[in-house]
$ cat protein-v6.cif   # mmCIF, C-alpha atoms and all ligand atoms
data_target
loop_
_atom_site.label_atom_id
_atom_site.label_comp_id
_atom_site.auth_asym_id
_atom_site.auth_seq_id
_atom_site.Cartn_x
_atom_site.Cartn_y
_atom_site.Cartn_z
CA MET A 143 9.90 0.79 18.75
CA THR A 144 8.36 0.77 15.28
CA ASP A 145 5.43 2.49 13.71
CA THR A 146 4.65 1.37 10.20
CA THR A 147 1.03 2.45 9.97
CA ALA A 148 1.65 6.00 8.73
CA ARG A 149 4.77 5.51 6.62
CA ASN A 150 4.88 6.27 2.92
CA GLN A 151 6.65 4.10 0.34
CA ARG A 152 9.99 5.74 1.13
CA GLY A 153 9.61 4.80 4.77
CA GLU A 154 9.00 8.37 5.93
CA TRP A 155 6.52 8.84 8.76
CA ARG A 156 3.62 11.19 8.04
CA PRO A 157 1.02 12.61 10.46
CA GLU A 158 -2.68 12.46 9.74
CA MET A 159 -3.59 14.77 6.86
CA PRO A 160 -4.81 17.36 6.27
CA ILE A 161 -3.07 19.38 8.97
CA GLY A 162 -5.98 21.39 10.30
CA LEU A 163 -6.41 24.36 12.57
CA PRO A 164 -7.22 24.21 16.30
CA PRO A 165 -10.97 23.96 17.05
CA ILE A 166 -11.09 27.61 18.18
CA PHE A 167 -11.42 28.43 14.48
CA ALA A 168 -14.21 25.93 13.79
CA TRP A 169 -17.57 27.22 12.53
CA PRO A 170 -20.15 26.66 13.90
CA PRO A 171 -18.40 26.93 17.30
CA GLN A 172 -17.48 23.69 19.07
CA PRO A 173 -17.20 24.58 22.77
CA GLY A 174 -16.60 20.97 23.85
CA ALA A 175 -13.72 20.51 21.41
CA VAL A 176 -12.29 23.91 22.36
CA GLY A 177 -12.37 23.01 26.07
CA LYS A 178 -10.64 19.69 25.38
CA TRP A 179 -8.06 21.37 23.15
CA PHE A 180 -7.32 24.08 25.74
CA PHE A 181 -7.45 22.13 29.01
CA GLY A 182 -6.77 18.58 27.74
CA PHE A 183 -3.63 16.52 28.17
CA PRO A 184 -1.97 16.95 25.80
CA GLY A 185 -3.57 20.32 25.05
CA TYR A 186 -2.76 23.98 24.61
CA LEU A 187 -1.64 24.44 28.22
CA LEU A 188 -0.37 20.99 29.15
CA PRO A 189 2.19 19.72 29.16
CA LEU A 190 4.53 21.78 26.99
CA ASN A 191 3.50 25.44 27.30
CA ALA A 192 3.02 25.10 31.06
CA PHE A 193 6.39 23.38 31.32
CA TRP A 194 8.20 26.23 29.54
CA PHE A 195 6.34 28.70 31.76
CA ALA A 196 7.56 26.82 34.85
CA VAL A 197 11.10 26.94 33.45
CA ALA A 198 10.78 30.74 33.05
CA VAL A 199 9.50 31.19 36.61
CA LEU A 200 12.26 28.97 38.04
CA THR A 201 14.87 30.78 35.93
CA TRP A 202 13.63 34.09 37.31
CA ALA A 203 13.52 32.82 40.90
CA PHE A 204 16.83 30.96 41.07
CA LEU A 205 19.02 31.87 38.10
CA THR A 206 18.49 35.60 37.66
CA PRO A 207 20.17 38.38 39.67
CA GLU A 208 18.04 40.72 41.79
CA LEU A 209 16.27 43.22 39.49
CA SER A 210 17.65 46.25 41.36
CA THR A 211 21.24 45.12 40.72
CA MET A 212 20.53 45.19 36.97
CA ALA A 213 19.57 48.89 36.93
CA SER A 214 23.08 49.81 35.86
CA VAL A 215 24.92 48.12 33.02
CA GLU A 216 27.64 45.97 34.60
CA PRO A 217 29.57 43.20 32.83
CA GLY A 218 29.14 40.82 35.80
CA TRP A 219 25.38 40.22 35.64
CA ILE A 220 25.31 40.28 31.84
CA ALA A 221 28.07 37.64 31.76
CA TRP A 222 26.06 35.57 34.22
CA LEU A 223 22.96 35.72 31.96
CA LEU A 224 25.14 34.71 29.01
CA VAL A 225 26.59 31.69 30.80
CA ARG A 226 23.20 30.63 32.19
CA ASN A 227 21.56 30.92 28.72
CA ALA A 228 24.39 28.94 27.13
CA GLY A 229 23.81 26.25 29.76
CA LEU A 230 20.05 26.16 29.15
CA VAL A 231 20.45 25.95 25.35
CA LEU A 232 23.06 23.20 25.71
CA ALA A 233 20.78 21.29 28.08
CA VAL A 234 17.59 21.50 25.97
CA PHE A 235 18.95 21.41 22.40
CA GLY A 236 21.80 19.08 23.31
CA GLY A 237 19.49 16.89 25.38
CA LEU A 238 16.98 16.53 22.54
CA HIS A 239 19.74 15.82 20.00
CA LEU A 240 21.36 13.31 22.30
CA TYR A 241 18.06 11.54 22.95
CA LEU A 242 16.71 11.54 19.37
CA TYR A 243 19.81 11.30 17.18
CA ILE A 244 22.67 9.84 19.20
CA ARG A 245 21.04 7.45 21.64
CA ARG A 246 18.09 7.13 19.22
CA GLY A 247 15.78 6.91 22.19
CA GLN A 248 12.67 6.40 20.07
CA GLY A 249 14.40 4.95 16.98
CA ASP A 250 12.58 6.10 13.82
CA HIS A 251 9.22 6.24 15.57
CA LEU A 252 7.35 9.34 14.23
CA LYS A 253 10.43 10.50 12.27
CA PHE A 254 9.70 12.42 9.06
CA SER A 255 12.79 11.61 7.05
CA THR A 256 14.97 8.62 6.37
CA GLU A 257 17.85 10.93 5.37
CA PRO A 258 20.57 11.46 7.98
CA LEU A 259 21.66 14.96 9.03
CA ALA A 260 24.35 16.11 6.60
CA THR A 261 28.00 15.23 7.02
CA ASN A 262 30.79 15.98 4.57
CA SER A 263 28.67 18.72 2.99
CA ARG A 264 30.01 22.07 1.77
CA ARG A 265 26.71 23.71 2.65
CA PHE A 266 27.71 23.71 6.32
CA LEU A 267 30.49 25.10 8.46
CA PHE A 268 33.00 22.36 9.33
CA LYS A 269 31.22 20.40 6.53
CA ASN A 270 28.94 19.05 9.23
CA GLN A 271 25.30 20.07 9.76
CA VAL A 272 25.12 19.45 13.50
CA ARG A 273 28.42 21.22 14.25
CA ASP A 274 27.40 24.14 12.01
CA ASN A 275 24.01 24.38 13.74
CA MET A 276 25.58 24.18 17.21
CA PHE A 277 28.13 26.86 16.35
CA ARG A 278 25.49 29.30 15.07
CA SER A 279 23.27 28.64 18.10
CA MET A 280 25.97 29.02 20.75
CA VAL A 281 28.07 31.79 19.16
CA TYR A 282 25.30 33.97 17.71
CA ALA A 283 21.86 33.03 19.10
CA VAL A 284 22.85 32.89 22.78
CA PRO A 285 24.43 36.39 22.83
CA VAL A 286 21.50 37.89 20.89
CA VAL A 287 18.89 36.40 23.22
CA THR A 288 20.98 37.49 26.21
CA GLY A 289 21.09 41.02 24.80
CA PHE A 290 17.29 41.16 24.62
CA GLU A 291 17.04 39.74 28.14
CA ALA A 292 19.56 42.22 29.57
CA VAL A 293 17.73 45.17 28.00
CA THR A 294 14.46 43.80 29.45
CA TYR A 295 15.78 43.76 33.04
CA TRP A 296 17.64 47.06 32.70
CA GLY A 297 14.45 48.64 31.32
CA PHE A 298 12.22 47.25 34.06
CA ALA A 299 14.75 48.11 36.81
CA ASN A 300 14.84 51.74 35.66
CA GLY A 301 11.09 52.06 35.05
CA TYR A 302 11.57 52.45 31.29
CA LEU A 303 9.47 49.30 30.74
CA GLY A 304 6.41 48.06 32.59
CA TRP A 305 4.47 51.09 31.41
CA PHE A 306 1.06 50.19 32.76
CA ASP A 307 0.53 51.07 36.38
CA ILE A 308 -1.91 48.53 37.78
CA SER A 309 -1.82 48.62 41.56
CA ASP A 310 -4.81 46.33 42.19
CA PRO A 311 -3.14 42.93 42.85
CA ALA A 312 -6.06 40.94 41.40
CA LEU A 313 -5.91 42.90 38.15
CA PHE A 314 -2.11 42.70 38.11
CA TRP A 315 -2.09 38.90 38.36
CA ALA A 316 -4.99 38.52 35.91
CA TRP A 317 -2.99 40.52 33.35
CA PHE A 318 0.15 38.52 34.18
CA ILE A 319 -1.66 35.20 33.59
CA ALA A 320 -3.43 36.47 30.46
CA LEU A 321 -0.10 37.49 28.91
CA ALA A 322 1.43 34.15 29.88
CA ILE A 323 -1.46 32.28 28.20
CA LEU A 324 -1.14 34.52 25.13
CA CYS A 325 2.64 33.99 24.83
CA PRO A 326 2.43 31.20 22.20
CA VAL A 327 -0.14 33.25 20.24
CA ILE A 328 2.12 36.32 20.27
CA HIS A 329 5.04 34.09 19.25
CA SER A 330 3.12 32.59 16.35
CA ALA A 331 1.89 35.91 14.93
CA HIS A 332 5.29 37.58 15.32
CA PHE A 333 7.08 34.58 13.82
CA TYR A 334 4.83 34.65 10.75
CA LEU A 335 5.39 38.38 10.16
CA GLY A 336 9.16 38.24 10.70
CA HIS A 337 9.46 35.10 8.59
CA ARG A 338 7.43 36.61 5.75
CA LEU A 339 9.81 39.59 5.82
CA LEU A 340 12.79 37.19 5.68
CA HIS A 341 11.38 35.67 2.50
CA THR A 342 11.58 38.98 0.60
CA ALA A 343 14.29 38.76 -2.07
CA TRP A 344 17.18 40.67 -0.48
CA LEU A 345 16.71 39.38 3.08
CA TYR A 346 16.26 35.84 1.85
CA LYS A 347 19.47 35.86 -0.17
CA LYS A 348 21.63 37.67 2.39
CA VAL A 349 20.16 36.34 5.63
CA HIS A 350 17.49 33.65 5.69
CA ALA A 351 18.97 31.31 3.02
CA LEU A 352 21.39 30.23 5.73
CA HIS A 353 18.59 28.69 7.83
CA HIS A 354 17.23 26.99 4.69
CA ARG A 355 20.48 25.15 4.11
CA ASN A 356 18.86 22.79 6.60
CA VAL A 357 16.52 20.81 4.35
CA GLU A 358 16.48 17.95 6.82
CA VAL A 359 16.32 19.23 10.35
CA GLY A 360 17.34 18.31 13.87
CA PRO A 361 16.86 20.22 17.15
CA TRP A 362 20.02 22.29 16.66
CA SER A 363 18.69 23.52 13.28
CA GLY A 364 16.11 25.60 15.17
CA LEU A 365 18.46 28.48 15.93
CA ALA A 366 20.90 27.90 13.05
CA MET A 367 20.33 31.36 11.63
CA HIS A 368 22.15 34.48 10.48
CA PRO A 369 22.58 36.86 13.48
CA LEU A 370 20.24 39.41 11.85
CA GLU A 371 17.58 36.71 11.73
CA HIS A 372 18.18 36.10 15.45
CA VAL A 373 17.53 39.80 16.10
CA ILE A 374 14.27 39.66 14.11
CA TYR A 375 13.22 36.35 15.70
CA PHE A 376 13.88 37.35 19.32
CA SER A 377 12.33 40.80 18.88
CA THR A 378 9.09 38.99 19.79
CA THR A 379 9.89 39.97 23.38
CA MET A 380 9.36 43.64 22.45
CA VAL A 381 5.63 42.88 22.40
CA GLN A 382 6.00 42.12 26.11
CA TRP A 383 8.07 45.27 26.60
CA ALA A 384 4.97 47.13 25.49
CA LEU A 385 2.38 45.07 27.40
CA ALA A 386 3.91 43.36 30.43
CA LEU A 387 3.82 44.53 34.03
CA HIS A 388 6.41 42.03 35.17
CA PRO A 389 9.73 40.98 33.53
CA VAL A 390 8.81 37.27 33.83
CA ASN A 391 6.33 37.72 30.97
CA ALA A 392 9.15 38.99 28.75
CA LEU A 393 11.49 36.23 29.96
CA TYR A 394 8.86 33.59 29.14
CA GLN A 395 8.36 35.09 25.67
CA LEU A 396 12.11 34.93 25.03
CA GLN A 397 12.61 31.43 26.41
CA PHE A 398 9.55 30.23 24.52
CA ALA A 399 11.19 31.48 21.30
CA VAL A 400 14.42 29.68 22.24
CA PHE A 401 12.96 26.33 23.24
CA ASN A 402 10.20 26.29 20.64
CA ALA A 403 12.89 26.55 17.95
CA ALA A 404 14.29 23.22 19.16
CA MET A 405 10.88 21.59 19.39
CA SER A 406 9.72 22.73 15.94
CA HIS A 407 12.86 21.32 14.27
CA THR A 408 13.15 17.93 15.94
CA GLY A 409 12.38 16.08 12.70
CA PHE A 410 9.89 14.02 14.71
CA GLN A 411 6.15 14.65 15.10
CA LYS A 412 6.30 13.81 18.79
CA VAL A 413 9.03 13.34 21.33
CA MET A 414 8.20 10.28 23.38
CA VAL A 415 8.98 10.57 27.06
CA GLY A 416 9.07 6.89 27.95
CA GLU A 417 6.51 4.68 26.22
CA THR A 418 3.42 6.61 27.18
CA LEU A 419 3.93 10.39 27.27
CA PRO A 420 4.07 11.93 23.79
CA ILE A 421 5.19 15.56 23.70
CA ASP A 422 3.66 16.97 20.55
CA SER A 423 6.14 19.22 18.82
CA ASN A 424 3.76 19.86 15.90
CA SER A 425 6.83 20.19 13.78
CA TYR A 426 5.50 18.70 10.53
CA PHE A 427 3.91 22.03 9.59
CA HIS A 428 7.31 23.76 9.75
CA TYR A 429 9.06 20.69 8.29
CA LEU A 430 6.98 21.28 5.13
CA HIS A 431 8.36 24.84 5.06
CA HIS A 432 11.90 23.43 5.03
CA GLN A 433 10.96 21.04 2.24
CA PHE A 434 9.10 23.50 -0.01
CA PHE A 435 10.21 26.97 1.22
CA GLU A 436 7.20 29.01 0.07
CA CYS A 437 4.46 27.78 2.38
CA ASN A 438 3.72 27.58 6.12
CA TYR A 439 5.59 30.70 7.21
CA GLY A 440 3.93 30.60 10.62
CA GLY A 441 2.19 28.04 12.84
CA THR A 442 -1.41 26.94 13.14
CA ILE A 443 -2.34 28.68 16.39
CA VAL A 444 -2.60 32.01 14.52
CA PRO A 445 -3.85 31.00 11.06
CA LEU A 446 -2.15 33.73 9.01
CA ASP A 447 -1.01 31.16 6.44
CA LYS A 448 -4.63 30.15 5.97
CA ILE A 449 -5.74 33.77 5.60
CA PHE A 450 -3.01 34.64 3.10
CA GLY A 451 -3.26 31.41 1.08
CA THR A 452 0.09 29.85 2.02
CA HIS A 453 -1.21 27.08 4.30
CA HIS A 454 0.15 23.68 3.16
CA ASP A 455 -1.83 20.98 4.91
CA GLY A 456 0.40 18.15 3.70
CA THR A 457 -2.04 16.81 1.06
CA LYS A 458 -1.44 16.35 -2.69
CA GLU A 459 -4.10 19.01 -3.35
CA ALA A 460 -2.16 21.51 -1.23
CA GLN A 461 1.01 20.62 -3.14
CA ILE A 462 -0.71 21.30 -6.48
CA ALA A 463 -2.20 24.56 -5.17
CA MET A 464 1.24 25.69 -3.96
CA ARG A 465 2.83 24.93 -7.36
CA GLU A 466 0.08 26.89 -9.14
CA ARG A 467 0.50 29.83 -6.75
CA LEU A 468 4.29 29.91 -7.33
CA ALA A 469 3.85 29.63 -11.12
CA ALA A 470 1.39 32.56 -11.04
CA MET A 471 3.91 34.60 -9.03
CA ARG A 472 6.64 33.82 -11.56
CA ARG A 473 4.34 34.82 -14.44
CA ALA A 474 3.49 38.09 -12.67
CA ARG A 475 7.19 38.87 -12.26
CA ALA A 476 8.06 38.07 -15.90
ZN ZN A 501 13.06 26.39 10.39
ZN ZN A 502 11.87 30.31 5.70
#
$ encode --input "protein-v6.cif" --output "structure tokens" --more "lines below"
Ligand SMILES: [Zn+2]
Ligand SMILES: [Zn+2]
Amino acid sequence: MTDTTARNQRGEWRPEMPIGLPPIFAWPPQPGAVGKWFFGFPGYLLPLNAFWFAVAVLTWAFLTPELSTMASVEPGWIAWLLVRNAGLVLAVFGGLHLYLYIRRGQGDHLKFSTEPLATNSRRFLFKNQVRDNMFRSMVYAVPVVTGFEAVTYWGFANGYLGWFDISDPALFWAWFIALAILCPVIHSAHFYLGHRLLHTAWLYKKVHALHHRNVEVGPWSGLAMHPLEHVIYFSTTMVQWALALHPVNALYQLQFAVFNAAMSHTGFQKVMVGETLPIDSNSYFHYLHHQFFECNYGGTIVPLDKIFGTHHDGTKEAQIAMRERLAAMRRARA
């Protein structure tokens, strides 16, 4: 499969520029475009966000112990969550890596870089980017995410979480669905704020620089972080601790953070399922962050980069504006 129409002179595939915002932010309002964006296929709900929601519901129904048994802290159920999460991460991250980089299921179609993932490089553990990324994901990320999940269930089982008491079933389910729809929005806003914090001098040097060793990225790069960054990243579920009535909302928020990390670091604009179904990972926006560091701290669904002047839309003009902004910051510091 080849796609030469959007390649630059170096053979790197580029999406259509400029990278804009979803039509919800258009002025004057465009209700038709908003409806298509929200309900369309592919759109905000389908297929990806709905798919991850289904995974969360199935995980809760079939792969999670009864809530009442998690009211007391026992090693058995926590170990089960750990093993199950390790299996899910291996399946999704490993599956994407296997498909895109080993079996090369879509070749270089929609691939941003012509550079291979690093081997024989001192920047990485075992001198190998993929092994380094896998190690950090399995040994650090999986236990941290499991810790957040265990606290969620323990808190709900004991009545410490699930603060709102809504007994009307219609209201309960409306709130449940609203929080599920808002999950990617909560993720995006929280990710921006946490990521901005990680780019302050001390945290960057001691913690976040590790993630930025990945200049080129593959799915496993998504959770290749310092453990403190994992804690900051997965703390997104605490928003659901404050708002949710049901632990599935918090589970979805956590799993969304896990799986979205793989999708936003694929190194491909879309993952093709067969010839016809493109799963849009929208990862070019974050790919630019890995290339240039000081832009695109969040996503496009919550336009905080736009508001704070760090939105890089992929154009030459945005590149010049970013350079001028960084030069002004350096001058201000001097
Ligand atoms: Zn990243
Ligand atoms: Zn960063």
$ residues_near_ligand --input "protein-v6.cif" --ligand "ligand ZN 502 (chain A)" --cutoff "8 Å" --atoms "only C-alpha atoms and all ligand atoms" --output "ChimeraX atom specification"
/A:337-338,340-341,350-351,353-354,431-432,435-436,439
$ closest_atom_pairs --input "protein-v6.cif" --of "chain A" --to "ligand ZN 501 (chain A)" --cutoff "10 Å" --atoms "only C-alpha atoms and all ligand atoms" --output "tab-separated table"
residue	atom	partner	partner_atom	distance
A:His337	CA	A:ZN501	ZN	9.6
A:His350	CA	A:ZN501	ZN	9.7
A:His353	CA	A:ZN501	ZN	6.5
A:His354	CA	A:ZN501	ZN	7.1
A:Arg355	CA	A:ZN501	ZN	9.8
A:Asn356	CA	A:ZN501	ZN	7.8
A:Val357	CA	A:ZN501	ZN	8.9
A:Glu358	CA	A:ZN501	ZN	9.8
A:Val359	CA	A:ZN501	ZN	7.9
A:Gly360	CA	A:ZN501	ZN	9.8
A:Pro361	CA	A:ZN501	ZN	9.9
A:Ser363	CA	A:ZN501	ZN	6.9
A:Gly364	CA	A:ZN501	ZN	5.7
A:Leu365	CA	A:ZN501	ZN	8.0
A:Ala366	CA	A:ZN501	ZN	8.4
A:Met367	CA	A:ZN501	ZN	8.9
A:Ala403	CA	A:ZN501	ZN	7.6
A:Ala404	CA	A:ZN501	ZN	9.4
A:Ser406	CA	A:ZN501	ZN	7.4
A:His407	CA	A:ZN501	ZN	6.4
A:Ser425	CA	A:ZN501	ZN	9.4
A:His428	CA	A:ZN501	ZN	6.4
A:Tyr429	CA	A:ZN501	ZN	7.3
A:Leu430	CA	A:ZN501	ZN	9.5
A:His431	CA	A:ZN501	ZN	7.3
A:His432	CA	A:ZN501	ZN	6.2
A:Gln433	CA	A:ZN501	ZN	10.0
A:Phe435	CA	A:ZN501	ZN	9.6
A:Tyr439	CA	A:ZN501	ZN	9.2
$ atom_distance --input "protein-v6.cif" --atom1 "atom CA of A:Trp315" --atom2 "atom CA of A:Leu387"
9.2 Å
$ residues_around --input "protein-v6.cif" --residues "stretch 180-189 of chain A" --least-positions-apart "5" --cutoff "10 Å" --atoms "all atoms listed in the file" --output "ChimeraX atom specification"
/A:164-166,174-175,194-195,323,326,419-422,443
$ atom_distance --input "protein-v6.cif" --atom1 "atom CA of A:Tyr375" --atom2 "atom CA of A:Ser330"
10.8 Å
$ closest_residue --input "protein-v6.cif" --among "A:Arg156, A:Lys448, A:Arg226, A:Lys347" --to "A:Pro285" --atoms "all atoms listed in the file"
A:Arg226
$ closest_residue --input "protein-v6.cif" --among "A:Trp383, A:Tyr295, A:Trp169, A:Tyr426" --to "A:Met405" --atoms "all atoms listed in the file"
A:Tyr426
$ decode --input "protein-v6.cif" --residues "stretch 324-338 of chain A" --atoms "N, CA, C and O atoms" --output "mmCIF file, in the first residue's frame"
data_model
loop_
_atom_site.group_PDB
_atom_site.id
_atom_site.type_symbol
_atom_site.label_atom_id
_atom_site.label_comp_id
_atom_site.auth_asym_id
_atom_site.auth_seq_id
_atom_site.Cartn_x
_atom_site.Cartn_y
_atom_site.Cartn_z
ATOM 1 N N LEU A 324 -17.989 12.822 28.277
ATOM 2 C CA LEU A 324 -17.007 13.868 28.609
ATOM 3 C C LEU A 324 -15.603 13.307 28.874
ATOM 4 O O LEU A 324 -14.647 14.081 28.982
ATOM 5 N N CYS A 325 -15.477 11.985 28.981
ATOM 6 C CA CYS A 325 -14.186 11.382 29.344
ATOM 7 C C CYS A 325 -13.019 11.896 28.490
ATOM 8 O O CYS A 325 -12.007 12.336 29.045
ATOM 9 N N PRO A 326 -13.132 11.903 27.140
ATOM 10 C CA PRO A 326 -11.992 12.401 26.357
ATOM 11 C C PRO A 326 -11.716 13.893 26.575
ATOM 12 O O PRO A 326 -10.576 14.330 26.464
ATOM 13 N N VAL A 327 -12.755 14.655 26.919
ATOM 14 C CA VAL A 327 -12.581 16.092 27.191
ATOM 15 C C VAL A 327 -11.824 16.269 28.504
ATOM 16 O O VAL A 327 -10.865 17.052 28.592
ATOM 17 N N ILE A 328 -12.238 15.501 29.525
ATOM 18 C CA ILE A 328 -11.549 15.546 30.822
ATOM 19 C C ILE A 328 -10.088 15.132 30.629
ATOM 20 O O ILE A 328 -9.165 15.761 31.141
ATOM 21 N N HIS A 329 -9.891 14.072 29.836
ATOM 22 C CA HIS A 329 -8.528 13.577 29.587
ATOM 23 C C HIS A 329 -7.666 14.673 28.963
ATOM 24 O O HIS A 329 -6.536 14.914 29.391
ATOM 25 N N SER A 330 -8.232 15.337 27.963
ATOM 26 C CA SER A 330 -7.468 16.323 27.209
ATOM 27 C C SER A 330 -7.078 17.507 28.095
ATOM 28 O O SER A 330 -5.924 17.965 28.066
ATOM 29 N N ALA A 331 -8.029 18.010 28.880
ATOM 30 C CA ALA A 331 -7.746 19.166 29.746
ATOM 31 C C ALA A 331 -6.725 18.782 30.823
ATOM 32 O O ALA A 331 -5.756 19.511 31.072
ATOM 33 N N HIS A 332 -6.921 17.624 31.435
ATOM 34 C CA HIS A 332 -6.007 17.177 32.488
ATOM 35 C C HIS A 332 -4.612 16.921 31.919
ATOM 36 O O HIS A 332 -3.598 17.270 32.527
ATOM 37 N N PHE A 333 -4.566 16.327 30.727
ATOM 38 C CA PHE A 333 -3.276 16.031 30.102
ATOM 39 C C PHE A 333 -2.509 17.324 29.834
ATOM 40 O O PHE A 333 -1.301 17.421 30.100
ATOM 41 N N TYR A 334 -3.211 18.338 29.329
ATOM 42 C CA TYR A 334 -2.549 19.617 29.057
ATOM 43 C C TYR A 334 -1.938 20.179 30.345
ATOM 44 O O TYR A 334 -0.766 20.568 30.377
ATOM 45 N N LEU A 335 -2.752 20.214 31.415
ATOM 46 C CA LEU A 335 -2.292 20.844 32.668
ATOM 47 C C LEU A 335 -1.108 20.073 33.264
ATOM 48 O O LEU A 335 -0.103 20.655 33.654
ATOM 49 N N GLY A 336 -1.234 18.734 33.322
ATOM 50 C CA GLY A 336 -0.146 17.919 33.860
ATOM 51 C C GLY A 336 1.111 18.042 33.018
ATOM 52 O O GLY A 336 2.232 18.130 33.538
ATOM 53 N N HIS A 337 0.927 18.083 31.708
ATOM 54 C CA HIS A 337 2.056 18.135 30.777
ATOM 55 C C HIS A 337 2.767 19.487 30.863
ATOM 56 O O HIS A 337 3.990 19.567 30.815
ATOM 57 N N ARG A 338 1.969 20.542 31.023
ATOM 58 C CA ARG A 338 2.554 21.887 31.184
ATOM 59 C C ARG A 338 3.435 21.913 32.437
ATOM 60 O O ARG A 338 4.533 22.456 32.435
#
